[in-house]
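Asker: Got a file for you: my_file08.csv, CSV, C-alpha atoms.
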chain,number,residue,atom,x,y,z
A,97,MET,CA,137.3,-31.3,79.4
A,98,ALA,CA,141.0,-32.2,79.6
A,99,GLU,CA,143.2,-32.1,76.6
A,100,SER,CA,144.5,-35.4,75.4
A,101,THR,CA,148.3,-35.8,75.3
A,102,SER,CA,150.2,-38.2,73.1
A,103,ALA,CA,152.7,-40.6,74.6
A,104,GLY,CA,155.2,-40.0,71.8
A,105,PRO,CA,157.6,-37.0,71.3
A,106,THR,CA,156.5,-33.9,69.5
A,107,LYS,CA,158.4,-32.3,66.6
A,108,ALA,CA,158.9,-29.2,68.7
A,109,GLN,CA,160.8,-31.1,71.3
A,110,ALA,CA,163.4,-28.8,72.8
A,111,GLU,CA,166.4,-31.1,73.3
A,112,PRO,CA,167.1,-34.6,72.2
A,113,LYS,CA,167.1,-37.2,74.9
A,114,THR,CA,170.1,-39.3,75.9
A,115,LYS,CA,170.5,-42.8,74.7
A,116,GLU,CA,169.3,-44.1,78.1
A,117,GLU,CA,166.3,-41.9,78.1
A,118,ALA,CA,165.3,-42.8,74.6
A,119,LEU,CA,165.7,-46.5,75.3
A,120,ALA,CA,163.6,-46.1,78.5
A,121,ALA,CA,160.8,-44.4,76.5
A,122,CYS,CA,160.8,-47.3,74.0
A,123,VAL,CA,161.2,-50.1,76.5
A,124,GLU,CA,158.1,-52.0,75.1
A,125,GLN,CA,159.3,-51.9,71.5
A,126,HIS,CA,162.8,-52.9,72.6
A,127,ALA,CA,161.5,-55.9,74.5
A,128,ALA,CA,159.4,-57.0,71.6
A,129,LEU,CA,162.5,-56.8,69.3
A,130,ILE,CA,164.7,-58.7,71.7
A,131,ASP,CA,162.0,-61.4,72.1
A,132,CYS,CA,161.8,-61.7,68.3
A,133,PHE,CA,165.6,-62.0,68.0
A,134,LYS,CA,165.4,-64.9,70.4
A,135,THR,CA,163.2,-66.8,67.9
A,136,CYS,CA,165.4,-66.3,64.9
A,137,ASN,CA,167.6,-69.1,63.6
A,138,PHE,CA,170.9,-68.7,61.8
A,139,ILE,CA,169.4,-68.8,58.3
A,140,SER,CA,166.6,-66.4,59.0
A,141,SER,CA,169.0,-63.9,60.5
A,142,PHE,CA,170.4,-63.5,57.0
A,143,THR,CA,167.1,-63.3,55.2
A,144,GLY,CA,165.4,-60.6,57.3
A,145,CYS,CA,164.3,-61.8,60.7
A,146,CYS,CA,162.3,-59.3,62.8
A,147,ASN,CA,162.1,-56.6,60.2
A,148,GLU,CA,158.8,-55.2,61.5
A,149,GLU,CA,159.8,-55.2,65.1
A,150,HIS,CA,163.1,-53.5,64.2
A,151,LYS,CA,161.3,-50.8,62.2
A,152,VAL,CA,158.9,-50.1,65.1
A,153,PHE,CA,161.6,-49.9,67.7
A,154,TRP,CA,164.0,-47.8,65.5
A,155,GLU,CA,161.2,-45.3,64.7
A,156,CYS,CA,160.4,-44.9,68.4
A,157,TYR,CA,164.1,-44.6,69.4
A,158,THR,CA,165.0,-42.0,66.7
A,159,ALA,CA,161.8,-40.0,67.5
A,160,GLU,CA,162.8,-39.9,71.1
A,161,ARG,CA,166.5,-39.4,70.6
A,162,GLY,CA,166.1,-36.6,68.1
A,163,THR,CA,168.2,-37.8,65.1
A,164,ASN,CA,170.1,-40.8,64.2
A,165,GLN,CA,173.1,-40.0,66.5
A,166,THR,CA,175.3,-43.1,66.5
A,167,ARG,CA,179.0,-43.3,66.5
A,168,ILE,CA,179.1,-44.9,63.1
A,169,THR,CA,177.0,-42.1,61.7
A,170,SER,CA,179.2,-39.5,63.2
A,171,TRP,CA,182.3,-41.3,61.8
A,172,LEU,CA,180.8,-41.7,58.3
A,173,ASN,CA,179.9,-38.0,58.3
A,174,ASP,CA,183.4,-37.0,59.4
A,175,TYR,CA,185.1,-39.3,56.9
A,176,PHE,CA,182.9,-39.0,53.8
A,177,GLY,CA,181.3,-35.6,54.5
A,178,ASP,CA,182.3,-32.4,52.8
A,179,LYS,CA,186.0,-31.8,53.2
A,180,PRO,CA,187.4,-28.3,53.0
A,181,LYS,CA,188.7,-27.6,49.5
A,182,GLN,CA,192.3,-26.5,49.1
A,183,PRO,CA,192.9,-23.1,47.5
A,184,PRO,CA,193.9,-23.3,43.8
A,185,ALA,CA,197.4,-22.2,44.6
A,186,GLN,CA,198.0,-25.2,46.9
A,187,ASP,CA,196.5,-27.6,44.3
A,188,GLN,CA,198.7,-26.1,41.6
A,189,GLN,CA,201.8,-26.4,43.9
A,190,GLN,CA,201.0,-30.0,44.7
A,191,GLN,CA,200.6,-30.8,40.9
A,192,GLN,CA,204.0,-29.2,40.2
A,193,GLN,CA,205.7,-31.2,42.9
A,194,GLN,CA,204.2,-34.4,41.6
A,195,GLN,CA,205.3,-33.6,38.1
A,196,GLN,CA,208.8,-32.8,39.4
A,197,GLN,CA,209.0,-36.1,41.2
A,198,GLN,CA,207.9,-38.0,38.1
A,199,GLN,CA,210.6,-36.3,36.1
A,200,ASP,CA,213.2,-37.0,38.7
A,201,ARG,CA,212.3,-40.7,38.6
A,202,ARG,CA,212.7,-40.8,34.8
A,203,LEU,CA,216.2,-39.5,35.0
If you convert what's in this file into structure tokens, what do you get?
Answerer:
Amino acid sequence: MAESTSAGPTKAQAEPKTKEEALAACVEQHAALIDCFKTCNFISSFTGCCNEEHKVFWECYTAERGTNQTRITSWLNDYFGDKPKQPPAQDQQQQQQQQQQQQDRRL
């Protein structure tokens, strides 16, 4: 008897796929999402058009791609992620400079 294989990716997948490969693997879900978007009108696009189709496609895509690797995610992580802390001496020096500038302005 032959073992059954699943069409989806496994958790032990070695390397994430490229965007193009992930999109090709989810072509049916993507087509369903695009078809749904074509039926949305202006008002329904603000109230949640195609939520289920979007969820199904995005789950497939992120499973194939590995993680949510988008430019905006990368930018947000860079901008809002943990920034290296300054050593206390530098913090103290900056505070002293700010205090000196404030005193100079008063004079």
Asker: Using only C-alpha atoms, which of the listed residues (A:Ile139, A:Cys132, A:Cys146, A:Cys156) sits closest to Ala120 of chain A?
Answerer: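 Between A:Ile139, A:Cys132, A:Cys146, A:Cys156, the residue approaching Ala120 of chain A most closely is A:Cys156.
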Asker: Select, from A:Thr135, A:Leu129, A:Gly162, A:Lys115, the residue with the minimum atom-to-atom distance to Asn147 of chain A, counting only C-alpha atoms.
Answerer: A:Leu129
Asker: My list of candidates is A:Thr114, A:Glu124, A:Gln199, A:Thr143. Which is closest to Thr158 of chain A when distances are computed with all atoms listed in the file?
Answerer: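 Result for the nearest residue to Thr158 of chain A: A:Thr114.
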